[in-house]
$ cat query.txt   # compact mmCIF, C-alpha atoms
# COMPACT_ATOMS: atom_id res chain seq x y z
CA MET S 113 -4.61 -34.62 -7.15
CA THR S 114 -4.32 -33.80 -3.46
CA VAL S 115 -5.58 -30.40 -2.34
CA THR S 116 -3.91 -28.96 0.73
CA TYR S 117 -5.43 -25.46 0.93
CA LYS S 118 -9.01 -24.64 0.00
CA GLY S 119 -10.70 -21.28 -0.34
CA PHE S 120 -12.88 -19.17 -2.56
CA SER S 121 -12.64 -15.95 -4.50
CA THR S 122 -15.32 -13.88 -6.15
CA ILE S 123 -12.65 -11.97 -8.09
CA SER S 124 -11.57 -14.78 -10.41
CA GLY S 125 -14.22 -13.98 -13.03
CA SER S 126 -15.45 -17.55 -13.39
CA LYS S 127 -18.62 -19.08 -12.03
CA ASN S 128 -16.60 -21.50 -9.95
CA PHE S 129 -15.48 -19.50 -6.91
CA ARG S 130 -13.40 -22.34 -5.45
CA ILE S 131 -9.63 -21.90 -5.56
CA THR S 132 -6.96 -24.12 -4.06
CA ASP S 133 -3.31 -24.35 -3.16
CA PHE S 134 -0.98 -22.00 -5.08
CA ASP S 135 -3.85 -20.04 -6.67
CA LEU S 136 -5.32 -19.44 -3.21
CA ILE S 137 -1.97 -18.29 -1.85
CA LYS S 138 -1.49 -15.87 -4.76
CA GLN S 139 -4.97 -14.43 -4.16
CA ASP S 140 -4.19 -14.04 -0.44
CA ILE S 141 -1.02 -12.11 -1.32
CA LEU S 142 -2.97 -9.85 -3.68
CA ASN S 143 -5.55 -9.26 -0.95
CA HIS S 144 -2.73 -8.26 1.42
CA PHE S 145 -1.36 -5.79 -1.14
CA ASN S 146 -4.81 -4.34 -1.71
CA ILE S 147 -5.12 -3.19 1.91
CA ARG S 148 -3.44 -0.02 3.13
CA LYS S 149 -1.41 -0.47 6.29
CA GLY S 150 -3.59 0.54 9.23
CA GLU S 151 -6.84 0.05 7.32
CA LYS S 152 -7.78 -3.39 8.68
CA LEU S 153 -9.80 -3.30 11.88
CA MET S 154 -7.86 -4.48 14.96
CA ARG S 155 -4.78 -5.22 12.77
CA PRO S 156 -2.89 -1.92 12.34
CA ASN S 157 0.26 -3.63 10.98
CA PHE S 158 -1.56 -5.60 8.27
CA GLY S 159 -1.43 -4.31 4.69
CA THR S 160 1.09 -2.37 2.67
CA ILE S 161 2.54 1.13 2.72
CA ILE S 162 2.75 1.29 -1.08
CA TRP S 163 -0.60 3.06 -1.44
CA ASN S 164 0.68 5.83 0.83
CA VAL S 165 3.93 6.43 -1.09
CA LEU S 166 2.74 6.38 -4.71
CA TYR S 167 3.28 10.13 -5.15
CA GLU S 168 6.62 10.31 -3.33
CA PRO S 169 9.81 10.75 -5.38
CA PHE S 170 11.08 7.27 -6.26
CA THR S 171 14.47 7.37 -4.53
CA GLU S 172 16.71 4.52 -3.45
CA ASP S 173 15.58 5.13 0.15
CA LEU S 174 11.92 4.78 -0.83
CA LYS S 175 12.74 1.67 -2.84
CA ALA S 176 14.44 0.18 0.26
CA VAL S 177 11.40 0.99 2.42
CA ILE S 178 9.05 -0.65 -0.10
CA THR S 179 11.35 -3.69 -0.30
CA GLN S 180 11.21 -4.07 3.49
CA ASP S 181 7.42 -3.78 3.37
CA VAL S 182 7.19 -6.48 0.67
CA LYS S 183 9.53 -8.73 2.68
CA ALA S 184 7.29 -8.27 5.75
CA ILE S 185 4.30 -9.35 3.66
CA ALA S 186 6.30 -12.37 2.47
CA ALA S 187 7.12 -13.33 6.05
CA TYR S 188 3.43 -13.12 6.95
CA ASP S 189 2.55 -16.21 4.90
CA PRO S 190 4.59 -19.37 5.66
CA ARG S 191 3.12 -21.23 2.66
CA VAL S 192 5.21 -19.23 0.21
CA SER S 193 8.61 -17.57 -0.03
CA PHE S 194 9.60 -14.65 -2.22
CA ASP S 195 12.80 -15.65 -4.02
CA ASN S 196 13.27 -12.39 -5.89
CA ILE S 197 11.73 -8.92 -5.57
CA ILE S 198 12.12 -6.26 -8.26
CA ILE S 199 10.59 -2.84 -7.61
CA THR S 200 10.36 -0.27 -10.40
CA GLU S 201 8.60 2.97 -11.10
CA TYR S 202 6.40 3.37 -14.15
CA ASP S 203 4.37 6.27 -15.58
CA GLN S 204 1.44 6.11 -13.20
CA GLY S 205 2.80 4.25 -10.17
CA ILE S 206 4.92 1.44 -8.82
CA GLN S 207 5.42 -2.08 -10.16
CA ILE S 208 6.53 -5.03 -8.08
CA GLU S 209 7.73 -8.24 -9.69
CA LEU S 210 7.83 -11.18 -7.29
CA GLN S 211 9.19 -14.63 -7.82
CA LEU S 212 7.05 -16.83 -5.58
CA ARG S 213 8.01 -20.29 -4.39
CA TYR S 214 5.22 -22.52 -3.11
CA VAL S 215 6.94 -24.14 -0.14
CA LEU S 216 4.98 -27.40 -0.20
CA THR S 217 5.85 -28.37 -3.79
CA ASN S 218 8.77 -26.05 -4.57
CA GLN S 219 6.74 -24.70 -7.52
CA ILE S 220 7.89 -21.28 -8.77
CA ASN S 221 5.70 -18.58 -10.29
CA THR S 222 6.23 -14.93 -11.18
CA MET S 223 3.67 -12.35 -10.12
CA ILE S 224 3.70 -8.75 -11.35
CA VAL S 225 1.66 -6.28 -9.32
CA ASN S 226 1.05 -2.72 -10.54
CA PHE S 227 -0.10 0.00 -8.16
CA ASN S 228 -1.60 2.74 -10.32
CA GLY S 229 -1.63 6.17 -8.71
CA SER S 230 -3.92 7.82 -11.25
CA THR S 231 -6.71 5.25 -10.96
CA GLY S 232 -6.08 4.12 -7.38
CA ARG S 233 -6.28 0.52 -8.55
CA MET S 234 -4.05 -2.47 -8.38
CA THR S 235 -3.65 -4.88 -11.29
CA ALA S 236 -1.76 -8.16 -11.32
CA GLN S 237 -0.35 -10.62 -13.79
CA ILE S 238 -0.08 -14.05 -12.22
$ encode --input "query.txt" --output "C-alpha cells"
Amino acid sequence: MTVTYKGFSTISGSKNFRITDFDLIKQDILNHFNIRKGEKLMRPNFGTIIWNVLYEPFTEDLKAVITQDVKAIAAYDPRVSFDNIIITEYDQGIQIELQLRYVLTNQINTMIVNFNGSTGRMTAQI
C-alpha cells in the first residue's frame, strides 16, 4: 500500500499516533473547524465562523453564510473536495454533514460534525 500523505495525531485515542492519507485529511479538516476565525496567530482568515454564530437565530441567511464558510474551508485543502454540504440546527447547536471526496483516489466518505453551544465542544463522526 502506497502512502502519499503522512502525519500524526494525538487525538485518535490509540497508542499509534501515525495517520496517513484520507484519515490525515479528515483530521486536518476537523482541526480547521476547531479553530475560530481570527484565532490563529498571523492567519486571521483561518478557521470557521460557526463558533461565533451558534446562538444566532438559524435563518436561511445564516445558513447561507455558514455554507460559504464551509466552502471556503473546502477550497483551502486541494487534497479533498466537498461533494455535498448539509447544514442543520439541532437542540444545542449546529450540525454539518459533509460528503468528502479524496481527490487522489476518488474515495468518498461522509463526515458529520456537531458544534455544541452548551458545552462549547465539537464532536465528529467520520
$ closest_atom_pairs --input "query.txt" --of "region 126-165 of chain S" --to "region 205-212 of chain S" --cutoff "12 Å" --atoms "all atoms listed in the file" --output "CSV"
residue,atom,partner,partner_atom,distance
S:Phe134,CA,S:Leu212,CA,9.6
S:Asp135,CA,S:Leu212,CA,11.4
S:Ile137,CA,S:Leu212,CA,9.9
S:Lys138,CA,S:Leu212,CA,8.6
S:Ile141,CA,S:Leu212,CA,10.3
S:Leu142,CA,S:Leu210,CA,11.5
S:Phe145,CA,S:Ile208,CA,10.5
S:Ile161,CA,S:Ile206,CA,11.8
S:Ile162,CA,S:Ile206,CA,8.0
S:Trp163,CA,S:Ile206,CA,9.4
S:Asn164,CA,S:Gly205,CA,11.3
S:Val165,CA,S:Ile206,CA,9.3
$ closest_residue --input "query.txt" --among "S:Ile238, S:Ile197, S:Leu136, S:Ala184" --to "Ile224 (chain S)" --atoms "all atoms listed in the file"
S:Ile238
$ atom_distance --input "query.txt" --atom1 "CA of Lys149 (chain S)" --atom2 "CA of Leu174 (chain S)"
16.0 Å
$ atom_distance --input "query.txt" --atom1 "CA of Arg155 (chain S)" --atom2 "CA of Tyr167 (chain S)"
24.9 Å
$ closest_residue --input "query.txt" --among "S:Asn228, S:Gln139, S:Asn218, S:Thr160" --to "Ile185 (chain S)" --atoms "all atoms listed in the file"
S:Thr160
$ closest_residue --input "query.txt" --among "S:Ala236, S:Val215, S:Val225, S:Leu153" --to "Asp195 (chain S)" --atoms "only C-alpha atoms"
S:Val215
$ atom_distance --input "query.txt" --atom1 "CA of Thr235 (chain S)" --atom2 "CA of Asn146 (chain S)"
9.7 Å
